[in-house]
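upload_38.pdb (PDB, C-alpha atoms, pLDDT in the B column)
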```pdb
ATOM      1  CA  MET A 239      33.522   4.735  -0.579  1.00 96.00           C
ATOM      2  CA  LYS A 240      30.889   4.078   2.059  1.00 97.00           C
ATOM      3  CA  ILE A 241      27.251   3.579   1.079  1.00 98.00           C
ATOM      4  CA  GLU A 242      24.860   2.457   3.777  1.00 98.00           C
ATOM      5  CA  PHE A 243      21.462   2.638   5.467  1.00 98.00           C
ATOM      6  CA  TYR A 244      21.253   3.068   9.216  1.00 98.00           C
ATOM      7  CA  GLN A 245      18.300   1.992  11.382  1.00 98.00           C
ATOM      8  CA  SER A 246      19.891   3.768  14.354  1.00 97.00           C
ATOM      9  CA  PRO A 247      21.498   7.237  14.686  1.00 98.00           C
ATOM     10  CA  ILE A 248      24.169   7.985  12.071  1.00 98.00           C
ATOM     11  CA  PRO A 249      27.605   8.284  13.774  1.00 97.00           C
ATOM     12  CA  SER A 250      28.494  11.586  12.075  1.00 95.00           C
ATOM     13  CA  ASP A 251      31.697  12.330  14.026  1.00 95.00           C
ATOM     14  CA  GLU A 252      33.057   8.847  13.466  1.00 96.00           C
ATOM     15  CA  ILE A 253      32.299   9.015   9.737  1.00 96.00           C
ATOM     16  CA  LEU A 254      33.918  12.438   9.382  1.00 95.00           C
ATOM     17  CA  ALA A 255      37.073  11.240  11.153  1.00 95.00           C
ATOM     18  CA  SER A 256      37.307   8.086   9.047  1.00 96.00           C
ATOM     19  CA  VAL A 257      36.980   9.811   5.663  1.00 97.00           C
ATOM     20  CA  LYS A 258      40.054  12.038   6.050  1.00 96.00           C
ATOM     21  CA  ALA A 259      43.335  10.931   4.488  1.00 96.00           C
ATOM     22  CA  GLY A 260      46.801  12.317   3.722  1.00 96.00           C
ATOM     23  CA  PRO A 261      46.214  13.627   0.182  1.00 96.00           C
ATOM     24  CA  ASP A 262      43.072  15.560   1.163  1.00 97.00           C
ATOM     25  CA  GLY A 263      42.970  19.322   1.431  1.00 97.00           C
ATOM     26  CA  ALA A 264      39.252  19.449   2.241  1.00 97.00           C
ATOM     27  CA  VAL A 265      36.304  17.419   3.444  1.00 98.00           C
ATOM     28  CA  VAL A 266      32.875  18.880   2.700  1.00 98.00           C
ATOM     29  CA  LEU A 267      30.149  17.486   4.918  1.00 97.00           C
ATOM     30  CA  PHE A 268      26.412  17.770   4.310  1.00 97.00           C
ATOM     31  CA  ASP A 269      24.385  16.902   7.399  1.00 96.00           C
ATOM     32  CA  GLY A 270      20.693  16.806   6.540  1.00 96.00           C
ATOM     33  CA  ILE A 271      18.590  17.066   9.689  1.00 95.00           C
ATOM     34  CA  VAL A 272      14.908  16.814  10.563  1.00 95.00           C
ATOM     35  CA  ARG A 273      13.299  20.239  10.702  1.00 92.00           C
ATOM     36  CA  ASN A 274      10.554  21.053  13.203  1.00 91.00           C
ATOM     37  CA  ASN A 275       8.027  22.242  10.607  1.00 89.00           C
ATOM     38  CA  THR A 276       6.886  21.995   7.011  1.00 86.00           C
ATOM     39  CA  ARG A 277       5.281  25.125   5.585  1.00 85.00           C
ATOM     40  CA  ALA A 278       4.675  26.344   9.144  1.00 87.00           C
ATOM     41  CA  ARG A 279       2.933  23.092  10.161  1.00 90.00           C
ATOM     42  CA  GLN A 280       4.591  21.698  13.293  1.00 93.00           C
ATOM     43  CA  THR A 281       6.322  18.351  12.744  1.00 93.00           C
ATOM     44  CA  LEU A 282       6.425  15.734  15.524  1.00 96.00           C
ATOM     45  CA  TYR A 283       8.667  13.183  13.815  1.00 96.00           C
ATOM     46  CA  LEU A 284       9.406  11.620  10.421  1.00 96.00           C
ATOM     47  CA  VAL A 285       9.434   8.052   9.179  1.00 97.00           C
ATOM     48  CA  TYR A 286      11.680   7.175   6.240  1.00 97.00           C
ATOM     49  CA  GLU A 287      11.344   4.045   4.145  1.00 97.00           C
ATOM     50  CA  ALA A 288      13.281   2.859   1.104  1.00 98.00           C
ATOM     51  CA  TYR A 289      13.268   0.260  -1.631  1.00 98.00           C
ATOM     52  CA  GLU A 290      16.495  -0.726   0.041  1.00 98.00           C
ATOM     53  CA  THR A 291      18.292  -2.926  -2.464  1.00 97.00           C
ATOM     54  CA  MET A 292      17.559  -0.627  -5.380  1.00 98.00           C
ATOM     55  CA  ALA A 293      18.305   2.511  -3.344  1.00 98.00           C
ATOM     56  CA  LEU A 294      21.722   1.180  -2.284  1.00 98.00           C
ATOM     57  CA  GLU A 295      22.545   0.403  -5.907  1.00 97.00           C
ATOM     58  CA  GLN A 296      21.458   3.905  -6.974  1.00 97.00           C
ATOM     59  CA  MET A 297      23.496   5.504  -4.180  1.00 98.00           C
ATOM     60  CA  ARG A 298      26.547   3.427  -5.138  1.00 98.00           C
ATOM     61  CA  SER A 299      26.154   4.465  -8.737  1.00 98.00           C
ATOM     62  CA  LEU A 300      25.826   8.184  -7.830  1.00 98.00           C
ATOM     63  CA  ALA A 301      28.912   8.001  -5.602  1.00 98.00           C
ATOM     64  CA  LYS A 302      30.939   6.361  -8.378  1.00 98.00           C
ATOM     65  CA  GLU A 303      29.758   8.960 -10.862  1.00 98.00           C
ATOM     66  CA  ALA A 304      30.736  11.769  -8.470  1.00 98.00           C
ATOM     67  CA  LEU A 305      34.255  10.359  -8.075  1.00 98.00           C
ATOM     68  CA  THR A 306      34.757  10.508 -11.831  1.00 98.00           C
ATOM     69  CA  LYS A 307      32.771  13.630 -12.689  1.00 98.00           C
ATOM     70  CA  PHE A 308      34.358  15.859 -10.020  1.00 98.00           C
ATOM     71  CA  ALA A 309      37.692  14.020  -9.627  1.00 96.00           C
ATOM     72  CA  VAL A 310      37.304  13.810  -5.836  1.00 98.00           C
ATOM     73  CA  ARG A 311      39.125  11.160  -3.793  1.00 98.00           C
ATOM     74  CA  ASP A 312      36.371   9.624  -1.650  1.00 98.00           C
ATOM     75  CA  VAL A 313      32.641   9.815  -1.032  1.00 98.00           C
ATOM     76  CA  VAL A 314      30.445   8.767   1.889  1.00 98.00           C
ATOM     77  CA  LEU A 315      26.684   8.616   1.286  1.00 98.00           C
ATOM     78  CA  VAL A 316      24.564   7.265   4.123  1.00 98.00           C
ATOM     79  CA  HIS A 317      20.865   7.614   4.948  1.00 98.00           C
ATOM     80  CA  ARG A 318      18.820   6.816   8.015  1.00 98.00           C
ATOM     81  CA  LEU A 319      15.560   4.812   7.859  1.00 98.00           C
ATOM     82  CA  GLY A 320      12.690   4.375  10.309  1.00 98.00           C
ATOM     83  CA  ARG A 321      11.488   6.950  12.830  1.00 98.00           C
ATOM     84  CA  LEU A 322      13.544  10.143  13.243  1.00 97.00           C
ATOM     85  CA  GLU A 323      13.077  12.873  15.818  1.00 97.00           C
ATOM     86  CA  ILE A 324      13.525  16.623  15.242  1.00 96.00           C
ATOM     87  CA  GLY A 325      17.203  17.555  14.845  1.00 96.00           C
ATOM     88  CA  GLU A 326      18.396  14.026  14.027  1.00 97.00           C
ATOM     89  CA  THR A 327      20.485  13.373  10.914  1.00 97.00           C
ATOM     90  CA  SER A 328      18.534  11.800   8.050  1.00 97.00           C
ATOM     91  CA  VAL A 329      21.263  11.939   5.408  1.00 98.00           C
ATOM     92  CA  LEU A 330      24.998  12.442   5.683  1.00 98.00           C
ATOM     93  CA  ILE A 331      27.256  13.091   2.712  1.00 98.00           C
ATOM     94  CA  ALA A 332      31.019  13.555   3.015  1.00 98.00           C
ATOM     95  CA  VAL A 333      33.311  14.313   0.099  1.00 98.00           C
ATOM     96  CA  ALA A 334      37.094  14.269   0.510  1.00 98.00           C
ATOM     97  CA  SER A 335      39.287  15.938  -2.079  1.00 98.00           C
ATOM     98  CA  ALA A 336      42.637  17.626  -2.592  1.00 97.00           C
ATOM     99  CA  HIS A 337      40.806  20.898  -3.331  1.00 96.00           C
ATOM    100  CA  ARG A 338      37.691  22.439  -1.806  1.00 97.00           C
ATOM    101  CA  GLY A 339      35.998  23.522  -5.047  1.00 98.00           C
ATOM    102  CA  ALA A 340      35.545  19.995  -6.323  1.00 98.00           C
ATOM    103  CA  ALA A 341      34.433  18.787  -2.887  1.00 98.00           C
ATOM    104  CA  PHE A 342      31.717  21.467  -2.622  1.00 98.00           C
ATOM    105  CA  ASP A 343      30.490  20.806  -6.158  1.00 98.00           C
ATOM    106  CA  ALA A 344      30.387  17.032  -5.704  1.00 98.00           C
ATOM    107  CA  CYS A 345      28.566  17.297  -2.368  1.00 98.00           C
ATOM    108  CA  ARG A 346      25.894  19.614  -3.792  1.00 97.00           C
ATOM    109  CA  TRP A 347      25.430  17.404  -6.851  1.00 98.00           C
ATOM    110  CA  LEU A 348      25.087  14.274  -4.689  1.00 98.00           C
ATOM    111  CA  ILE A 349      22.322  15.644  -2.446  1.00 97.00           C
ATOM    112  CA  ASP A 350      20.429  17.091  -5.425  1.00 95.00           C
ATOM    113  CA  MET A 351      20.593  13.779  -7.310  1.00 95.00           C
ATOM    114  CA  LEU A 352      19.713  11.724  -4.238  1.00 96.00           C
ATOM    115  CA  LYS A 353      16.559  13.760  -3.733  1.00 94.00           C
ATOM    116  CA  LYS A 354      15.429  13.164  -7.319  1.00 93.00           C
ATOM    117  CA  THR A 355      16.364   9.600  -8.131  1.00 95.00           C
ATOM    118  CA  VAL A 356      17.001   7.409  -5.077  1.00 97.00           C
ATOM    119  CA  PRO A 357      13.884   5.450  -4.009  1.00 98.00           C
ATOM    120  CA  ILE A 358      13.468   6.751  -0.459  1.00 98.00           C
ATOM    121  CA  TRP A 359      10.217   8.200   0.914  1.00 97.00           C
ATOM    122  CA  LYS A 360       9.346  10.252   3.946  1.00 96.00           C
ATOM    123  CA  LYS A 361       6.126  10.310   5.948  1.00 96.00           C
ATOM    124  CA  GLU A 362       5.710  13.453   8.017  1.00 95.00           C
ATOM    125  CA  HIS A 363       3.816  13.113  11.273  1.00 96.00           C
ATOM    126  CA  PHE A 364       2.219  16.337  12.479  1.00 95.00           C
ATOM    127  CA  ILE A 365       0.197  17.105  15.581  1.00 90.00           C
ATOM    128  CA  ASP A 366      -2.961  16.838  13.483  1.00 89.00           C
ATOM    129  CA  GLY A 367      -2.194  13.992  11.091  1.00 93.00           C
ATOM    130  CA  ALA A 368       0.408  12.382   8.832  1.00 94.00           C
ATOM    131  CA  VAL A 369       1.204  12.741   5.126  1.00 93.00           C
ATOM    132  CA  TRP A 370       3.731  11.350   2.680  1.00 93.00           C
ATOM    133  CA  ALA A 371       5.950  14.204   1.474  1.00 91.00           C
ATOM    134  CA  ASP A 372       5.128  15.193  -2.121  1.00 86.00           C
ATOM    135  CA  GLY A 373       8.545  14.505  -3.595  1.00 88.00           C
ATOM    136  CA  GLU A 374       9.933  16.142  -6.710  1.00 84.00           C
ATOM    137  CA  PRO A 375       8.840  15.004 -10.165  1.00 88.00           C
ATOM    138  CA  PHE A 376      11.200  12.354 -11.546  1.00 92.00           C
ATOM    139  CA  PRO A 377      13.770  13.516 -14.119  1.00 92.00           C
ATOM    140  CA  GLU A 378      12.666  13.235 -17.764  1.00 92.00           C
ATOM    141  CA  GLU A 379      14.884  10.199 -18.437  1.00 92.00           C
ATOM    142  CA  ILE A 380      13.118   8.201 -15.706  1.00 93.00           C
ATOM    143  CA  VAL A 381       9.527   9.357 -16.252  1.00 91.00           C
ATOM    144  CA  PRO A 382       8.940  11.270 -19.522  1.00 83.00           C
ATOM    145  CA  ASN A 383       6.435  14.106 -19.053  1.00 71.00           C
ATOM    146  CA  ALA A 384       6.142  13.475 -15.311  1.00 67.00           C
ATOM    147  CA  MET A 385       3.308  15.457 -13.816  1.00 59.00           C
ATOM    148  CA  PRO A 386       4.009  17.417 -10.612  1.00 57.00           C
ATOM    149  CA  VAL A 387       0.805  16.115  -9.078  1.00 52.00           C
ATOM    150  CA  GLN A 388       0.214  15.993  -5.349  1.00 51.00           C
ATOM    151  CA  LEU A 389      -0.180  12.430  -4.107  1.00 50.00           C
ATOM    152  CA  GLY A 390      -2.796  12.316  -1.365  1.00 46.00           C
TER
ATOM    153  CA  MET B  81       3.345 -15.738 -16.499  1.00 93.00           C
ATOM    154  CA  GLN B  82       3.506 -14.152 -13.110  1.00 96.00           C
ATOM    155  CA  VAL B  83       5.160 -10.974 -11.822  1.00 98.00           C
ATOM    156  CA  GLN B  84       5.685  -9.722  -8.288  1.00 98.00           C
ATOM    157  CA  VAL B  85       4.472  -6.134  -7.884  1.00 98.00           C
ATOM    158  CA  LEU B  86       5.763  -3.927  -5.040  1.00 98.00           C
ATOM    159  CA  TYR B  87       4.134  -0.694  -3.807  1.00 96.00           C
ATOM    160  CA  PHE B  88       5.946   2.024  -1.872  1.00 96.00           C
ATOM    161  CA  GLY B  89       5.180   5.221   0.028  1.00 94.00           C
ATOM    162  CA  VAL B  90       1.734   6.682  -0.497  1.00 91.00           C
ATOM    163  CA  LEU B  91       0.798   3.869  -2.926  1.00 92.00           C
ATOM    164  CA  LYS B  92       1.131   1.299  -0.178  1.00 92.00           C
ATOM    165  CA  ASP B  93      -1.307   3.275   1.984  1.00 90.00           C
ATOM    166  CA  LEU B  94      -3.793   4.011  -0.804  1.00 87.00           C
ATOM    167  CA  LEU B  95      -3.851   0.451  -2.136  1.00 87.00           C
ATOM    168  CA  ARG B  96      -3.679  -1.073   1.363  1.00 89.00           C
ATOM    169  CA  ARG B  97      -0.980  -3.572   0.405  1.00 92.00           C
ATOM    170  CA  ASP B  98       2.752  -3.488  -0.173  1.00 95.00           C
ATOM    171  CA  ARG B  99       2.991  -6.319  -2.712  1.00 97.00           C
ATOM    172  CA  GLU B 100       1.042  -8.804  -4.777  1.00 95.00           C
ATOM    173  CA  GLN B 101       1.529 -11.506  -7.407  1.00 97.00           C
ATOM    174  CA  ILE B 102      -0.183 -10.702 -10.697  1.00 96.00           C
ATOM    175  CA  ASP B 103      -0.820 -13.251 -13.456  1.00 95.00           C
ATOM    176  CA  LEU B 104      -0.448 -11.939 -16.993  1.00 93.00           C
ATOM    177  CA  VAL B 105      -1.522 -13.686 -20.163  1.00 90.00           C
ATOM    178  CA  GLY B 106       0.584 -13.406 -23.323  1.00 90.00           C
ATOM    179  CA  THR B 107       2.977 -10.523 -23.913  1.00 93.00           C
ATOM    180  CA  ALA B 108       2.752  -7.748 -21.342  1.00 95.00           C
ATOM    181  CA  SER B 109       4.548  -4.431 -21.027  1.00 96.00           C
ATOM    182  CA  VAL B 110       4.978  -2.146 -18.036  1.00 96.00           C
ATOM    183  CA  GLU B 111       2.140  -0.041 -19.489  1.00 93.00           C
ATOM    184  CA  SER B 112      -0.266  -2.955 -19.765  1.00 93.00           C
ATOM    185  CA  LEU B 113       0.512  -4.042 -16.195  1.00 94.00           C
ATOM    186  CA  LEU B 114      -0.184  -0.482 -14.989  1.00 92.00           C
ATOM    187  CA  SER B 115      -3.504  -0.442 -16.875  1.00 89.00           C
ATOM    188  CA  ARG B 116      -4.393  -3.756 -15.312  1.00 90.00           C
ATOM    189  CA  ILE B 117      -3.655  -2.516 -11.769  1.00 90.00           C
ATOM    190  CA  ARG B 118      -5.441   0.748 -12.491  1.00 85.00           C
ATOM    191  CA  ALA B 119      -8.577  -1.065 -13.627  1.00 84.00           C
ATOM    192  CA  SER B 120      -8.630  -3.445 -10.672  1.00 80.00           C
ATOM    193  CA  GLN B 121      -8.387  -1.148  -7.691  1.00 71.00           C
ATOM    194  CA  SER B 122     -10.562   1.459  -6.078  1.00 68.00           C
ATOM    195  CA  ALA B 123      -8.353   4.565  -6.011  1.00 61.00           C
ATOM    196  CA  PRO B 124      -8.673   5.772  -9.627  1.00 59.00           C
ATOM    197  CA  GLU B 125      -7.485   9.272  -8.719  1.00 69.00           C
ATOM    198  CA  LEU B 126      -3.911   7.983  -8.329  1.00 75.00           C
ATOM    199  CA  PRO B 127      -1.579  10.160 -10.432  1.00 73.00           C
ATOM    200  CA  TRP B 128      -0.290   7.341 -12.605  1.00 80.00           C
ATOM    201  CA  ASN B 129       1.693   9.651 -14.880  1.00 82.00           C
ATOM    202  CA  SER B 130       3.983  10.818 -12.089  1.00 89.00           C
ATOM    203  CA  LEU B 131       4.998   7.306 -10.962  1.00 93.00           C
ATOM    204  CA  ALA B 132       8.273   5.687 -11.888  1.00 96.00           C
ATOM    205  CA  VAL B 133       8.485   1.967 -12.488  1.00 97.00           C
ATOM    206  CA  ALA B 134      11.469  -0.250 -11.762  1.00 98.00           C
ATOM    207  CA  VAL B 135      11.802  -3.729 -13.208  1.00 98.00           C
ATOM    208  CA  ASN B 136      14.219  -5.924 -11.260  1.00 98.00           C
ATOM    209  CA  GLN B 137      15.437  -2.795  -9.443  1.00 97.00           C
ATOM    210  CA  VAL B 138      16.302  -0.774 -12.543  1.00 97.00           C
ATOM    211  CA  TYR B 139      14.164   2.170 -13.755  1.00 97.00           C
ATOM    212  CA  ALA B 140      12.119   1.025 -16.753  1.00 97.00           C
ATOM    213  CA  GLN B 141      10.229   2.782 -19.527  1.00 95.00           C
ATOM    214  CA  ARG B 142       6.512   2.129 -20.057  1.00 94.00           C
ATOM    215  CA  ASP B 143       7.072   0.040 -23.206  1.00 94.00           C
ATOM    216  CA  GLN B 144       9.473  -2.429 -21.573  1.00 97.00           C
ATOM    217  CA  VAL B 145       8.293  -6.020 -22.040  1.00 97.00           C
ATOM    218  CA  LEU B 146       7.885  -8.042 -18.858  1.00 98.00           C
ATOM    219  CA  ARG B 147       9.108 -11.576 -18.292  1.00 97.00           C
ATOM    220  CA  ASP B 148       7.973 -14.329 -15.966  1.00 97.00           C
ATOM    221  CA  GLY B 149       9.277 -13.773 -12.448  1.00 97.00           C
ATOM    222  CA  ASP B 150      10.045 -10.076 -12.871  1.00 98.00           C
ATOM    223  CA  GLU B 151       9.927  -7.856  -9.778  1.00 98.00           C
ATOM    224  CA  VAL B 152       8.048  -4.698 -10.747  1.00 98.00           C
ATOM    225  CA  ALA B 153       8.091  -1.789  -8.288  1.00 98.00           C
ATOM    226  CA  LEU B 154       5.749   1.214  -8.483  1.00 96.00           C
ATOM    227  CA  LEU B 155       7.563   4.240  -7.104  1.00 96.00           C
ATOM    228  CA  PRO B 156       5.936   7.561  -6.181  1.00 95.00           C
ATOM    229  CA  PRO B 157       8.124  10.698  -6.530  1.00 94.00           C
ATOM    230  CA  VAL B 158      10.970  10.224  -4.059  1.00 94.00           C
ATOM    231  CA  SER B 159      11.489  12.362  -0.954  1.00 91.00           C
ATOM    232  CA  GLY B 160      14.753  11.282   0.618  1.00 89.00           C
ATOM    233  CA  GLY B 161      17.174  13.791   2.102  1.00 83.00           C
ATOM    234  CA  SER B 162      16.501  16.334   4.756  1.00 69.00           C
ATOM    235  CA  ARG B 163      13.405  18.278   3.820  1.00 62.00           C
ATOM    236  CA  ALA B 164      10.295  18.403   1.698  1.00 50.00           C
ATOM    237  CA  SER B 165      10.731  19.924  -1.724  1.00 46.00           C
ATOM    238  CA  GLU B 166      10.055  23.633  -1.853  1.00 49.00           C
ATOM    239  CA  ARG B 167       7.290  24.183  -4.329  1.00 44.00           C
ATOM    240  CA  ALA B 168       6.597  27.454  -6.084  1.00 37.00           C
ATOM    241  CA  ALA B 169       3.586  29.151  -4.533  1.00 32.00           C
TER
END
```

As structure tokens, how would this structure be written, given the file I've shared?
Amino acid sequence: MKIEFYQSPIPSDEILASVKAGPDGAVVLFDGIVRNNTRARQTLYLVYEAYETMALEQMRSLAKEALTKFAVRDVVLVHRLGRLEIGETSVLIAVASAHRGAAFDACRWLIDMLKKTVPIWKKEHFIDGAVWADGEPFPEEIVPNAMPVQLG
Amino acid sequence: MQVQVLYFGVLKDLLRRDREQIDLVGTASVESLLSRIRASQSAPELPWNSLAVAVNQVYAQRDQVLRDGDEVALLPPVSGGSRASERAA
């Protein structure tokens, strides 16, 4: 299991090579990259920040839960912080498993959970200004009756 | 007693600080600390109901009682991963 933040580019090829092992029949890789626009507004670059110690603990806990819940062999969950250019990898998830079904399911579950519960935030810099991305409302068990309000 | 309060994301920008020490008298909960911060700053339009709170790096409910030295983080909805959430039009 590899859980980490990177301040420099994520070495995707190296990570993919290192996660494969004899018993595996599949590795599913999710490579989340910086898109060049948000709702048709042209993005220049993004800046990610995290509550690092808590985020690492949350990521570790999600990875452990995925191993048990989907019975996969290994999980890599890494995220980049700081300034990212268009096309760079912001999050990389790799799931290794004997069978592809479990690997796909675990990978999808991990990115969905990460986006809802791990304390990481993104500021989008556009040609004409910068805004913090809205984020999704927290799940009910974290914030009961969370309001999907736009934060400035 | 004293707690260390941390602000992240848009909160840090709106409140123009990323942390502060706050003195509390008597028994205080997460909710009473939030009320205190809410009353003392100049951005009352902050959507307090959508924030999560972590005490010592674990998500906490509003009625959790605080203790001296606690680290209390105010967390706006998170936006990690590769793209902004797609909202229904």

Kindly determine which residues of chain B lie within 9 Å of chain A, considering only C-alpha atoms, and give the answer as a PyMOL selection string.
chain B and resi 88-91+94+126-134+136-142+153+155-167

Expansion of the PyMOL selection byres ((chain B and resi 151) around 6) into residues, as an NGL selection string
:B and (84 or 135-136 or 150 or 152)

Do you know which residues are at most 6 Å from stretch 108-118 of chain B counting all atoms listed in the file, after dropping those on the same chain fewer than 3 positions away, and could you put them as a PyMOL selection string?
chain B and resi 121+142-146

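We find atom CA of B:Val85 and atom CA of B:Asp98 to be spaced 8.3 Å apart.
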
Write out as a list in words the residues lying within 12 Å of A:Pro261, counting all atoms listed in the file and excluding same-chain residues fewer than 2 positions away.
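After dropping sequence-adjacent residues, the list is Val257, Lys258, Ala259, Gly263, Ala264, Val265, Val310, Arg311, Asp312, Ala334, Ser335, Ala336 and His337 of chain A.
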
Let me see the file: selected residues, C-alpha atoms, as a PDB file, in the frame of the given file.
```
ATOM      1  CA  VAL A 257      36.980   9.811   5.663  1.00 97.00           C
ATOM      2  CA  LYS A 258      40.054  12.038   6.050  1.00 96.00           C
ATOM      3  CA  ALA A 259      43.335  10.931   4.488  1.00 96.00           C
ATOM      4  CA  GLY A 263      42.970  19.322   1.431  1.00 97.00           C
ATOM      5  CA  ALA A 264      39.252  19.449   2.241  1.00 97.00           C
ATOM      6  CA  VAL A 265      36.304  17.419   3.444  1.00 98.00           C
ATOM      7  CA  VAL A 310      37.304  13.810  -5.836  1.00 98.00           C
ATOM      8  CA  ARG A 311      39.125  11.160  -3.793  1.00 98.00           C
ATOM      9  CA  ASP A 312      36.371   9.624  -1.650  1.00 98.00           C
ATOM     10  CA  ALA A 334      37.094  14.269   0.510  1.00 98.00           C
ATOM     11  CA  SER A 335      39.287  15.938  -2.079  1.00 98.00           C
ATOM     12  CA  ALA A 336      42.637  17.626  -2.592  1.00 97.00           C
ATOM     13  CA  HIS A 337      40.806  20.898  -3.331  1.00 96.00           C
TER      14      HIS A 337
END
```

Would you mind telling me which residue in A:Met297, A:Ile365, A:Leu284, A:Val266 lies nearest to A:Asp343 when using all atoms listed in the file?
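When distances to A:Asp343 are compared using all atoms listed in the file, the smallest one comes from A:Val266.
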